[in-house]
Amino acid sequence: MTQAGWRLVAPDGFGDYDWFEVENRGLLMGGHLAYGDRTFPVIVYDPVRLAQDAASETENDGLFYEANVIVVADLNRATAEAAVSRLGGAGVFDWLLG
């Protein structure tokens with residue numbers, strides 16, 4: 001069952017400057033996947049920041065875990081929204097609707 005209609009919802013009050021910061025940090029936290037009136041937390045990374053966070057966490061605790069992570073080559077608003085649309089259209093998130 002492939003469900004089109006998934007969208008990315010940025011944190012409340014997010015504006016252009018916040019997206020600028022996301023691009024510079026390579027990380028979007030506090031966002032949600034939305035389908036109809038249901039939402040699910042999501043984190044969006046670029047590969048460099050993901051590698052940095054994983055290396056830092058595994059160095060300290062020996063493991064790294066983040067639920068509902070999407071990685072895009074170049075993180076910005078357009079690529080994050082396109083990734084959610086593409087993955088949602090492919091049925092990747094269908095399990096969340098279970």
# chains A, B, ... in the order shown; residues from 1 in each chain; ligands from 1

call {"tool": "select_by_dssp", "arguments": {"residues": "chain A", "states": "strand (DSSP E or B)", "output": "list in words"}}
result
Arg7, Leu8, Val9, Leu27, Leu28, Met29, Gly30, Gly31, His32, Leu33, Ala34, Tyr35, Arg38, Thr39, Phe40, Pro41, Val42, Ile43, Val44, Tyr45, Val69, Ile70 and Val71 of chain A

call {"tool": "write_last_selection", "arguments": {"atoms": "N, CA and C atoms", "output": "PDB file, in the first residue's frame"}}
result
ATOM      1  N   ARG A   7       4.204  14.675   3.928  1.00  0.00           N
ATOM      2  CA  ARG A   7       4.866  15.975   3.840  1.00  0.00           C
ATOM      3  C   ARG A   7       5.746  16.183   5.060  1.00  0.00           C
ATOM      4  N   LEU A   8       6.704  17.071   4.898  1.00  0.00           N
ATOM      5  CA  LEU A   8       7.594  17.446   5.985  1.00  0.00           C
ATOM      6  C   LEU A   8       7.038  18.687   6.654  1.00  0.00           C
ATOM      7  N   VAL A   9       6.925  18.641   7.974  1.00  0.00           N
ATOM      8  CA  VAL A   9       6.482  19.792   8.753  1.00  0.00           C
ATOM      9  C   VAL A   9       7.660  20.249   9.603  1.00  0.00           C
ATOM     10  N   LEU A  27      21.748  19.571   9.713  1.00  0.00           N
ATOM     11  CA  LEU A  27      20.872  18.824  10.604  1.00  0.00           C
ATOM     12  C   LEU A  27      19.559  19.569  10.825  1.00  0.00           C
ATOM     13  N   LEU A  28      18.452  18.849  10.647  1.00  0.00           N
ATOM     14  CA  LEU A  28      17.123  19.360  10.986  1.00  0.00           C
ATOM     15  C   LEU A  28      16.561  18.472  12.086  1.00  0.00           C
ATOM     16  N   MET A  29      16.381  19.038  13.254  1.00  0.00           N
ATOM     17  CA  MET A  29      15.761  18.321  14.370  1.00  0.00           C
ATOM     18  C   MET A  29      14.444  19.011  14.695  1.00  0.00           C
ATOM     19  N   GLY A  30      13.521  18.266  15.274  1.00  0.00           N
ATOM     20  CA  GLY A  30      12.244  18.834  15.671  1.00  0.00           C
ATOM     21  C   GLY A  30      11.207  18.857  14.571  1.00  0.00           C
ATOM     22  N   GLY A  31      11.553  18.305  13.402  1.00  0.00           N
ATOM     23  CA  GLY A  31      10.600  18.229  12.311  1.00  0.00           C
ATOM     24  C   GLY A  31       9.705  17.002  12.459  1.00  0.00           C
ATOM     25  N   HIS A  32       8.687  16.954  11.627  1.00  0.00           N
ATOM     26  CA  HIS A  32       7.751  15.829  11.647  1.00  0.00           C
ATOM     27  C   HIS A  32       7.389  15.405  10.235  1.00  0.00           C
ATOM     28  N   LEU A  33       7.167  14.101  10.079  1.00  0.00           N
ATOM     29  CA  LEU A  33       6.518  13.571   8.897  1.00  0.00           C
ATOM     30  C   LEU A  33       5.027  13.691   9.163  1.00  0.00           C
ATOM     31  N   ALA A  34       4.280  14.149   8.206  1.00  0.00           N
ATOM     32  CA  ALA A  34       2.835  14.290   8.394  1.00  0.00           C
ATOM     33  C   ALA A  34       2.101  13.574   7.276  1.00  0.00           C
ATOM     34  N   TYR A  35       1.037  12.892   7.681  1.00  0.00           N
ATOM     35  CA  TYR A  35       0.130  12.254   6.739  1.00  0.00           C
ATOM     36  C   TYR A  35      -1.269  12.479   7.284  1.00  0.00           C
ATOM     37  N   ARG A  38      -2.036  12.869  11.155  1.00  0.00           N
ATOM     38  CA  ARG A  38      -1.053  12.126  11.953  1.00  0.00           C
ATOM     39  C   ARG A  38       0.345  12.669  11.705  1.00  0.00           C
ATOM     40  N   THR A  39       1.143  12.753  12.751  1.00  0.00           N
ATOM     41  CA  THR A  39       2.525  13.206  12.614  1.00  0.00           C
ATOM     42  C   THR A  39       3.461  12.257  13.340  1.00  0.00           C
ATOM     43  N   PHE A  40       4.689  12.219  12.831  1.00  0.00           N
ATOM     44  CA  PHE A  40       5.722  11.349  13.368  1.00  0.00           C
ATOM     45  C   PHE A  40       7.033  12.125  13.373  1.00  0.00           C
ATOM     46  N   PRO A  41       7.797  12.070  14.461  1.00  0.00           N
ATOM     47  CA  PRO A  41       9.064  12.814  14.497  1.00  0.00           C
ATOM     48  C   PRO A  41      10.030  12.301  13.429  1.00  0.00           C
ATOM     49  N   VAL A  42      10.836  13.216  12.916  1.00  0.00           N
ATOM     50  CA  VAL A  42      11.848  12.863  11.924  1.00  0.00           C
ATOM     51  C   VAL A  42      13.062  13.769  12.126  1.00  0.00           C
ATOM     52  N   ILE A  43      14.217  13.231  11.820  1.00  0.00           N
ATOM     53  CA  ILE A  43      15.464  13.993  11.815  1.00  0.00           C
ATOM     54  C   ILE A  43      16.025  13.891  10.404  1.00  0.00           C
ATOM     55  N   VAL A  44      16.479  15.014   9.855  1.00  0.00           N
ATOM     56  CA  VAL A  44      17.068  15.010   8.518  1.00  0.00           C
ATOM     57  C   VAL A  44      18.522  15.478   8.649  1.00  0.00           C
ATOM     58  N   TYR A  45      19.429  14.695   8.098  1.00  0.00           N
ATOM     59  CA  TYR A  45      20.866  14.958   8.146  1.00  0.00           C
ATOM     60  C   TYR A  45      21.430  15.113   6.747  1.00  0.00           C
ATOM     61  N   VAL A  69      15.331   8.618  10.703  1.00  0.00           N
ATOM     62  CA  VAL A  69      16.364   9.482  10.125  1.00  0.00           C
ATOM     63  C   VAL A  69      16.311   9.409   8.609  1.00  0.00           C
ATOM     64  N   ILE A  70      16.403  10.579   7.981  1.00  0.00           N
ATOM     65  CA  ILE A  70      16.538  10.683   6.528  1.00  0.00           C
ATOM     66  C   ILE A  70      17.860  11.400   6.275  1.00  0.00           C
ATOM     67  N   VAL A  71      18.634  10.909   5.310  1.00  0.00           N
ATOM     68  CA  VAL A  71      19.886  11.546   4.939  1.00  0.00           C
ATOM     69  C   VAL A  71      19.778  12.001   3.488  1.00  0.00           C
TER      70      VAL A  71
END

call {"tool": "select_by_dssp", "arguments": {"residues": "chain A", "states": "alpha helix (DSSP H)", "output": "ChimeraX atom specification"}}
result
/A:16-25,47-61,77-89,94-97

call {"tool": "residues_around", "arguments": {"residues": "Ala82 of chain A", "least_positions_apart": "5", "cutoff": "10 Å", "atoms": "only C-alpha atoms", "output": "MDAnalysis selection string"}}
result
chainID A and resid 7:8 72 76:77 87:88

call {"tool": "write_last_selection", "arguments": {"atoms": "C-alpha atoms", "output": "short mmCIF file (atom, residue, chain, number, x, y, z; two decimals), in the first residue's frame"}}
result
data_model
loop_
_atom_site.label_atom_id
_atom_site.label_comp_id
_atom_site.auth_asym_id
_atom_site.auth_seq_id
_atom_site.Cartn_x
_atom_site.Cartn_y
_atom_site.Cartn_z
CA ARG A 7 4.87 15.97 3.84
CA LEU A 8 7.59 17.45 5.99
CA VAL A 72 20.09 13.83 1.91
CA ASN A 76 18.12 22.47 2.58
CA ARG A 77 14.38 23.01 2.63
CA LEU A 87 10.06 8.35 0.12
CA GLY A 88 6.38 8.71 0.98
#

call {"tool": "closest_residue", "arguments": {"among": "A:Leu75, A:Ala80, A:Asp37, A:Trp6", "to": "Glu21 of chain A", "atoms": "only C-alpha atoms"}}
result
A:Leu75

call {"tool": "residues_around", "arguments": {"residues": "segment 51-58 of chain A", "least_positions_apart": "5", "cutoff": "12 Å", "atoms": "only C-alpha atoms", "output": "PyMOL selection string"}}
result
chain A and resi 25-27+45-46+63-66+71

call {"tool": "decode", "arguments": {"residues": "segment 41-77 of chain A", "atoms": "N, CA, C and O atoms", "output": "tab-separated table (two decimals), in the first residue's frame"}}
result
chain	number	residue	atom	x	y	z
A	41	PRO	N	7.80	12.07	14.46
A	41	PRO	CA	9.06	12.81	14.50
A	41	PRO	C	10.03	12.30	13.43
A	41	PRO	O	10.03	11.12	13.09
A	42	VAL	N	10.84	13.22	12.92
A	42	VAL	CA	11.85	12.86	11.92
A	42	VAL	C	13.06	13.77	12.13
A	42	VAL	O	12.93	14.91	12.57
A	43	ILE	N	14.22	13.23	11.82
A	43	ILE	CA	15.46	13.99	11.81
A	43	ILE	C	16.02	13.89	10.40
A	43	ILE	O	16.05	12.80	9.82
A	44	VAL	N	16.48	15.01	9.85
A	44	VAL	CA	17.07	15.01	8.52
A	44	VAL	C	18.52	15.48	8.65
A	44	VAL	O	18.79	16.51	9.26
A	45	TYR	N	19.43	14.70	8.10
A	45	TYR	CA	20.87	14.96	8.15
A	45	TYR	C	21.43	15.11	6.75
A	45	TYR	O	20.89	14.57	5.79
A	46	ASP	N	22.59	15.77	6.66
A	46	ASP	CA	23.43	15.59	5.49
A	46	ASP	C	24.48	14.54	5.89
A	46	ASP	O	24.66	14.27	7.08
A	47	PRO	N	25.14	13.89	4.94
A	47	PRO	CA	26.04	12.78	5.27
A	47	PRO	C	27.21	13.17	6.17
A	47	PRO	O	27.64	12.39	7.01
A	48	VAL	N	27.72	14.38	5.99
A	48	VAL	CA	28.87	14.81	6.79
A	48	VAL	C	28.48	14.93	8.26
A	48	VAL	O	29.16	14.41	9.14
A	49	ARG	N	27.38	15.60	8.53
A	49	ARG	CA	26.94	15.76	9.92
A	49	ARG	C	26.56	14.43	10.55
A	49	ARG	O	26.85	14.18	11.73
A	50	LEU	N	25.92	13.56	9.78
A	50	LEU	CA	25.58	12.23	10.30
A	50	LEU	C	26.84	11.49	10.73
A	50	LEU	O	26.90	10.91	11.81
A	51	ALA	N	27.86	11.51	9.88
A	51	ALA	CA	29.12	10.83	10.20
A	51	ALA	C	29.76	11.44	11.45
A	51	ALA	O	30.27	10.71	12.31
A	52	GLN	N	29.73	12.76	11.56
A	52	GLN	CA	30.30	13.42	12.74
A	52	GLN	C	29.56	13.02	14.01
A	52	GLN	O	30.19	12.68	15.02
A	53	ASP	N	28.24	13.05	13.97
A	53	ASP	CA	27.45	12.69	15.15
A	53	ASP	C	27.64	11.22	15.51
A	53	ASP	O	27.78	10.88	16.70
A	54	ALA	N	27.66	10.35	14.51
A	54	ALA	CA	27.84	8.93	14.77
A	54	ALA	C	29.22	8.66	15.37
A	54	ALA	O	29.36	7.90	16.32
A	55	ALA	N	30.24	9.32	14.84
A	55	ALA	CA	31.60	9.13	15.36
A	55	ALA	C	31.70	9.63	16.80
A	55	ALA	O	32.27	8.95	17.66
A	56	SER	N	31.11	10.77	17.07
A	56	SER	CA	31.15	11.34	18.42
A	56	SER	C	30.44	10.45	19.43
A	56	SER	O	30.95	10.17	20.51
A	57	GLU	N	29.26	9.99	19.08
A	57	GLU	CA	28.48	9.15	19.99
A	57	GLU	C	29.12	7.79	20.21
A	57	GLU	O	29.14	7.28	21.33
A	58	THR	N	29.66	7.18	19.15
A	58	THR	CA	30.26	5.86	19.32
A	58	THR	C	31.57	5.94	20.08
A	58	THR	O	31.95	5.00	20.76
A	59	GLU	N	32.23	7.08	19.98
A	59	GLU	CA	33.45	7.28	20.75
A	59	GLU	C	33.15	7.33	22.25
A	59	GLU	O	33.88	6.78	23.06
A	60	ASN	N	32.06	7.97	22.61
A	60	ASN	CA	31.70	8.12	24.02
A	60	ASN	C	30.96	6.91	24.58
A	60	ASN	O	31.26	6.45	25.67
A	61	ASP	N	29.95	6.45	23.87
A	61	ASP	CA	29.07	5.40	24.40
A	61	ASP	C	29.17	4.06	23.67
A	61	ASP	O	28.52	3.10	24.07
A	62	GLY	N	29.88	4.02	22.56
A	62	GLY	CA	30.01	2.77	21.83
A	62	GLY	C	28.87	2.46	20.88
A	62	GLY	O	28.90	1.45	20.20
A	63	LEU	N	27.84	3.33	20.84
A	63	LEU	CA	26.75	3.11	19.91
A	63	LEU	C	26.08	4.43	19.54
A	63	LEU	O	26.24	5.43	20.22
A	64	PHE	N	25.37	4.39	18.44
A	64	PHE	CA	24.64	5.57	17.94
A	64	PHE	C	23.30	5.09	17.42
A	64	PHE	O	23.22	4.13	16.67
A	65	TYR	N	22.23	5.77	17.84
A	65	TYR	CA	20.89	5.43	17.36
A	65	TYR	C	20.07	6.70	17.23
A	65	TYR	O	20.07	7.54	18.12
A	66	GLU	N	19.38	6.82	16.13
A	66	GLU	CA	18.39	7.87	15.90
A	66	GLU	C	17.24	7.23	15.14
A	66	GLU	O	17.47	6.58	14.11
A	67	ALA	N	16.04	7.39	15.62
A	67	ALA	CA	14.87	6.85	14.93
A	67	ALA	C	14.42	7.82	13.84
A	67	ALA	O	14.61	9.03	13.95
A	68	ASN	N	13.83	7.27	12.81
A	68	ASN	CA	13.22	8.06	11.73
A	68	ASN	C	14.20	9.09	11.16
A	68	ASN	O	13.91	10.29	11.12
A	69	VAL	N	15.33	8.62	10.70
A	69	VAL	CA	16.36	9.48	10.13
A	69	VAL	C	16.31	9.41	8.61
A	69	VAL	O	16.21	8.33	8.03
A	70	ILE	N	16.40	10.58	7.98
A	70	ILE	CA	16.54	10.68	6.53
A	70	ILE	C	17.86	11.40	6.28
A	70	ILE	O	18.17	12.39	6.94
A	71	VAL	N	18.63	10.91	5.31
A	71	VAL	CA	19.89	11.55	4.94
A	71	VAL	C	19.78	12.00	3.49
A	71	VAL	O	19.40	11.21	2.62
A	72	VAL	N	20.09	13.27	3.26
A	72	VAL	CA	20.09	13.83	1.91
A	72	VAL	C	21.48	14.38	1.61
A	72	VAL	O	22.18	14.83	2.52
A	73	ALA	N	21.87	14.34	0.35
A	73	ALA	CA	23.22	14.74	-0.04
A	73	ALA	C	23.55	16.18	0.34
A	73	ALA	O	24.64	16.48	0.79
A	74	ASP	N	22.60	17.07	0.15
A	74	ASP	CA	22.81	18.50	0.42
A	74	ASP	C	21.55	19.01	1.11
A	74	ASP	O	20.53	19.23	0.45
A	75	LEU	N	21.61	19.20	2.41
A	75	LEU	CA	20.40	19.51	3.18
A	75	LEU	C	19.99	20.97	3.05
A	75	LEU	O	20.76	21.87	3.37
A	76	ASN	N	18.79	21.17	2.57
A	76	ASN	CA	18.12	22.47	2.58
A	76	ASN	C	16.62	22.18	2.53
A	76	ASN	O	16.21	21.02	2.47
A	77	ARG	N	15.83	23.21	2.58
A	77	ARG	CA	14.38	23.01	2.63
A	77	ARG	C	13.86	22.21	1.44
A	77	ARG	O	13.09	21.26	1.59
